[in-house]
$ cat run_11.pdb   # PDB, C-alpha atoms, pLDDT in the B column
ATOM      1  CA  MET K   2       8.886 -86.376 -71.982  1.00 73.00           C
ATOM      2  CA  ARG K   3      10.330 -88.503 -69.225  1.00 84.00           C
ATOM      3  CA  PHE K   4      12.730 -91.343 -69.991  1.00 81.00           C
ATOM      4  CA  ALA K   5      10.154 -93.942 -68.881  1.00 78.00           C
ATOM      5  CA  ASP K   6       7.632 -92.476 -71.340  1.00 84.00           C
ATOM      6  CA  PHE K   7      10.206 -92.596 -74.127  1.00 87.00           C
ATOM      7  CA  VAL K   8      11.056 -96.230 -73.374  1.00 86.00           C
ATOM      8  CA  GLY K   9       7.366 -97.145 -73.225  1.00 86.00           C
ATOM      9  CA  LEU K  10       6.828 -95.488 -76.601  1.00 90.00           C
ATOM     10  CA  ALA K  11       9.835 -97.324 -78.068  1.00 91.00           C
ATOM     11  CA  ALA K  12       8.512-100.664 -76.812  1.00 90.00           C
ATOM     12  CA  GLN K  13       5.059 -99.902 -78.230  1.00 93.00           C
ATOM     13  CA  LEU K  14       6.597 -98.982 -81.605  1.00 95.00           C
ATOM     14  CA  PHE K  15       8.519-102.264 -81.662  1.00 95.00           C
ATOM     15  CA  GLU K  16       5.346-104.209 -80.845  1.00 94.00           C
ATOM     16  CA  ASP K  17       3.348-102.386 -83.517  1.00 96.00           C
ATOM     17  CA  SER K  18       6.150-102.945 -86.019  1.00 96.00           C
ATOM     18  CA  GLY K  19       6.289-106.655 -85.221  1.00 95.00           C
ATOM     19  CA  VAL K  20       2.566-107.125 -85.753  1.00 96.00           C
ATOM     20  CA  SER K  21       2.647-104.954 -88.896  1.00 97.00           C
ATOM     21  CA  VAL K  22       5.506-106.963 -90.369  1.00 96.00           C
ATOM     22  CA  MET K  23       3.547-110.184 -89.881  1.00 96.00           C
ATOM     23  CA  VAL K  24       0.306-108.800 -91.350  1.00 97.00           C
ATOM     24  CA  VAL K  25       1.933-107.032 -94.298  1.00 97.00           C
ATOM     25  CA  GLY K  26       4.214-110.025 -94.815  1.00 96.00           C
ATOM     26  CA  ALA K  27       1.204-112.344 -95.066  1.00 95.00           C
ATOM     27  CA  VAL K  28      -0.482-110.107 -97.646  1.00 96.00           C
ATOM     28  CA  VAL K  29       2.708-109.684 -99.679  1.00 95.00           C
ATOM     29  CA  SER K  30       3.416-113.429 -99.450  1.00 93.00           C
ATOM     30  CA  VAL K  31       0.029-114.284-100.918  1.00 93.00           C
ATOM     31  CA  ALA K  32       0.477-111.654-103.650  1.00 92.00           C
ATOM     32  CA  LEU K  33       3.925-113.004-104.582  1.00 89.00           C
ATOM     33  CA  VAL K  34       2.696-116.581-104.681  1.00 90.00           C
ATOM     34  CA  LEU K  35      -0.312-115.650-106.822  1.00 88.00           C
ATOM     35  CA  ARG K  36       2.015-113.831-109.208  1.00 85.00           C
ATOM     36  CA  ASP K  37       4.407-116.799-109.377  1.00 80.00           C
ATOM     37  CA  ALA K  38       1.580-119.353-109.686  1.00 78.00           C
ATOM     38  CA  ARG K  39       1.071-118.388-113.308  1.00 77.00           C
ATOM     39  CA  GLY K  40       4.714-118.819-114.241  1.00 69.00           C
ATOM     40  CA  PRO K  41       7.095-121.755-114.480  1.00 69.00           C
ATOM     41  CA  ARG K  42       7.307-122.117-110.680  1.00 64.00           C
ATOM     42  CA  GLN K  43       3.650-123.003-110.188  1.00 65.00           C
ATOM     43  CA  GLY K  44       4.501-126.469-108.810  1.00 69.00           C
ATOM     44  CA  ASN K  45       6.262-124.909-105.816  1.00 78.00           C
ATOM     45  CA  THR K  46       3.390-122.594-104.839  1.00 83.00           C
ATOM     46  CA  TYR K  47       2.643-124.128-101.448  1.00 82.00           C
ATOM     47  CA  ARG K  48       6.310-124.327-100.458  1.00 83.00           C
ATOM     48  CA  GLN K  49       6.943-120.755-101.577  1.00 85.00           C
ATOM     49  CA  LEU K  50       3.980-119.476 -99.561  1.00 88.00           C
ATOM     50  CA  ARG K  51       5.259-121.255 -96.462  1.00 87.00           C
ATOM     51  CA  GLN K  52       8.725-119.802 -96.959  1.00 86.00           C
ATOM     52  CA  TYR K  53       7.494-116.243 -97.470  1.00 89.00           C
ATOM     53  CA  LEU K  54       5.107-116.458 -94.510  1.00 91.00           C
ATOM     54  CA  GLY K  55       7.757-118.066 -92.311  1.00 88.00           C
ATOM     55  CA  ARG K  56      10.260-115.307 -93.013  1.00 89.00           C
ATOM     56  CA  SER K  57       7.771-112.549 -92.205  1.00 92.00           C
ATOM     57  CA  ILE K  58       6.771-114.330 -88.987  1.00 90.00           C
ATOM     58  CA  LEU K  59      10.447-114.688 -88.010  1.00 88.00           C
ATOM     59  CA  LEU K  60      11.070-110.978 -88.478  1.00 92.00           C
ATOM     60  CA  GLY K  61       7.899-110.095 -86.576  1.00 93.00           C
ATOM     61  CA  LEU K  62       8.888-112.366 -83.694  1.00 88.00           C
ATOM     62  CA  GLU K  63      12.305-110.722 -83.465  1.00 89.00           C
ATOM     63  CA  LEU K  64      10.669-107.307 -83.159  1.00 93.00           C
ATOM     64  CA  LEU K  65       8.250-108.564 -80.506  1.00 90.00           C
ATOM     65  CA  VAL K  66      11.124-110.031 -78.475  1.00 88.00           C
ATOM     66  CA  ALA K  67      12.929-106.682 -78.698  1.00 90.00           C
ATOM     67  CA  ALA K  68       9.789-104.932 -77.403  1.00 91.00           C
ATOM     68  CA  ASP K  69       9.542-107.334 -74.456  1.00 86.00           C
ATOM     69  CA  ILE K  70      13.192-106.842 -73.585  1.00 87.00           C
ATOM     70  CA  ILE K  71      12.937-103.044 -73.777  1.00 88.00           C
ATOM     71  CA  ARG K  72       9.822-102.989 -71.633  1.00 84.00           C
ATOM     72  CA  THR K  73      11.246-105.316 -68.961  1.00 83.00           C
ATOM     73  CA  VAL K  74      14.717-103.779 -68.738  1.00 80.00           C
ATOM     74  CA  ALA K  75      13.459-100.191 -68.677  1.00 78.00           C
ATOM     75  CA  GLU K  76      11.372-100.729 -65.576  1.00 76.00           C
ATOM     76  CA  SER K  77      12.726-101.873 -62.254  1.00 75.00           C
ATOM     77  CA  PRO K  78      12.271-105.537 -63.059  1.00 80.00           C
ATOM     78  CA  THR K  79      11.108-107.910 -60.391  1.00 84.00           C
ATOM     79  CA  LEU K  80      12.174-111.524 -60.355  1.00 88.00           C
ATOM     80  CA  ARG K  81       8.707-112.477 -61.596  1.00 88.00           C
ATOM     81  CA  GLN K  82       8.973-110.087 -64.581  1.00 84.00           C
ATOM     82  CA  VAL K  83      12.414-111.414 -65.489  1.00 85.00           C
ATOM     83  CA  LEU K  84      11.182-115.017 -65.308  1.00 90.00           C
ATOM     84  CA  ILE K  85       8.190-114.174 -67.502  1.00 87.00           C
ATOM     85  CA  LEU K  86      10.480-112.430 -69.990  1.00 85.00           C
ATOM     86  CA  GLY K  87      12.795-115.447 -69.984  1.00 88.00           C
ATOM     87  CA  LEU K  88       9.876-117.752 -70.694  1.00 90.00           C
ATOM     88  CA  ILE K  89       8.585-115.515 -73.490  1.00 85.00           C
ATOM     89  CA  VAL K  90      12.042-115.294 -75.075  1.00 84.00           C
ATOM     90  CA  LEU K  91      12.479-119.061 -74.742  1.00 89.00           C
ATOM     91  CA  ILE K  92       9.150-119.784 -76.442  1.00 88.00           C
ATOM     92  CA  ARG K  93       9.755-117.259 -79.222  1.00 82.00           C
ATOM     93  CA  THR K  94      13.302-118.541 -79.740  1.00 83.00           C
ATOM     94  CA  PHE K  95      11.968-122.081 -80.060  1.00 87.00           C
ATOM     95  CA  LEU K  96       9.379-120.874 -82.581  1.00 84.00           C
ATOM     96  CA  SER K  97      12.057-119.007 -84.537  1.00 80.00           C
ATOM     97  CA  PHE K  98      14.341-122.042 -84.504  1.00 82.00           C
ATOM     98  CA  THR K  99      11.641-124.416 -85.750  1.00 84.00           C
ATOM     99  CA  LEU K 100      10.440-121.970 -88.412  1.00 82.00           C
ATOM    100  CA  GLU K 101      13.985-121.484 -89.663  1.00 79.00           C
ATOM    101  CA  MET K 102      14.469-125.246 -89.828  1.00 82.00           C
ATOM    102  CA  GLU K 103      11.240-125.663 -91.753  1.00 79.00           C
ATOM    103  CA  ILE K 104      12.073-122.887 -94.205  1.00 79.00           C
ATOM    104  CA  ASP K 105      15.636-124.044 -94.933  1.00 78.00           C
ATOM    105  CA  ARG K 106      14.890-127.789 -94.603  1.00 76.00           C
ATOM    106  CA  ARG K 107      18.133-128.399 -92.712  1.00 77.00           C
ATOM    107  CA  TRP K 108      19.581-128.032 -89.228  1.00 74.00           C
ATOM    108  CA  PRO K 109      21.082-124.569 -88.623  1.00 70.00           C
ATOM    109  CA  TRP K 110      24.556-126.007 -88.090  1.00 74.00           C
ATOM    110  CA  GLN K 111      24.512-127.942 -91.370  1.00 76.00           C
ATOM    111  CA  PRO K 112      26.209-126.225 -94.294  1.00 81.00           C
ATOM    112  CA  ARG K 113      23.955-124.762 -96.942  1.00 76.00           C
ATOM    113  CA  PRO K 114      23.939-126.876-100.126  1.00 75.00           C
ATOM    114  CA  ARG K 115      26.017-125.326-102.859  1.00 71.00           C
ATOM    115  CA  ASP K 116      23.124-124.932-105.295  1.00 59.00           C
ATOM    116  CA  GLU K 117      21.157-122.815-102.753  1.00 52.00           C
ATOM    117  CA  ASP K 118      23.752-120.062-102.517  1.00 48.00           C
ATOM    118  CA  GLY K 119      24.001-119.707-106.275  1.00 49.00           C
ATOM    119  CA  ALA K 120      27.455-121.256-106.581  1.00 48.00           C
ATOM    120  CA  GLY K 121      26.199-124.586-107.906  1.00 45.00           C
ATOM    121  CA  PRO K 122      28.322-127.657-108.318  1.00 45.00           C
ATOM    122  CA  PRO K 123      31.653-127.194-110.037  1.00 47.00           C
ATOM    123  CA  ARG K 124      31.406-127.780-113.764  1.00 44.00           C
ATOM    124  CA  GLY K 125      34.176-129.325-115.620  1.00 41.00           C
TER     125      GLY K 125
END

$ encode --input "run_11.pdb" --output "structure tokens"
Amino acid sequence: MRFADFVGLAAQLFEDSGVSVMVVGAVVSVALVLRDARGPRQGNTYRQLRQYLGRSILLGLELLVAADIIRTVAESPTLRQVLILGLIVLIRTFLSFTLEMEIDRRWPWQPRPRDEDGAGPPRG
């Protein structure tokens, strides 16, 4: 197996993994929300589904970006290929940024509220 074949296979595996993560993540997200809908958290069902789906999409996007980078860098990239890769990474980064903001409901540079990390407010 030549190096170019190996790199092509690696890129294909990353792409397949990215799509699989999104599909399996969607199915698991729905299953988790249906399970939780019967319990005490049934009022947060829609928000939970969005959070679960958003996290699986974020992970899938990261894998797809890795596949694009592997594929472009492994070949002898032309200026056109590098510009296309840059545009793809820019779009996917923007999508990741906006999804992360929507999931966490805060700007990435804002500190996480104390009750979200399990510490809670100091009791006295």

$ resolve_selection --input "run_11.pdb" --expression "the PyMOL selection byres ((chain K and resi 26) around 10)" --output "ChimeraX atom specification"
/K:20-25,27-32,53-58,60-61

$ atom_distance --input "run_11.pdb" --atom1 "atom CA of Phe7 of chain K" --atom2 "atom CA of Gly87 of chain K"
23.4 Å

$ closest_residue --input "run_11.pdb" --among "K:Leu33, K:Leu65, K:Leu59, K:Ala38" --to "Ala12 of chain K" --atoms "all atoms listed in the file"
K:Leu65

$ resolve_selection --input "run_11.pdb" --expression "the PyMOL selection byres ((chain K and resi 72) around 10)" --output "number ranges by chain"
K: 5, 8-13, 66-71, 73-78, 86

$ atom_distance --input "run_11.pdb" --atom1 "atom CA of Arg107 of chain K" --atom2 "atom CA of Gln52 of chain K"
13.4 Å

$ atom_distance --input "run_11.pdb" --atom1 "atom CA of Glu101 of chain K" --atom2 "atom CA of Asp37 of chain K"
22.4 Å
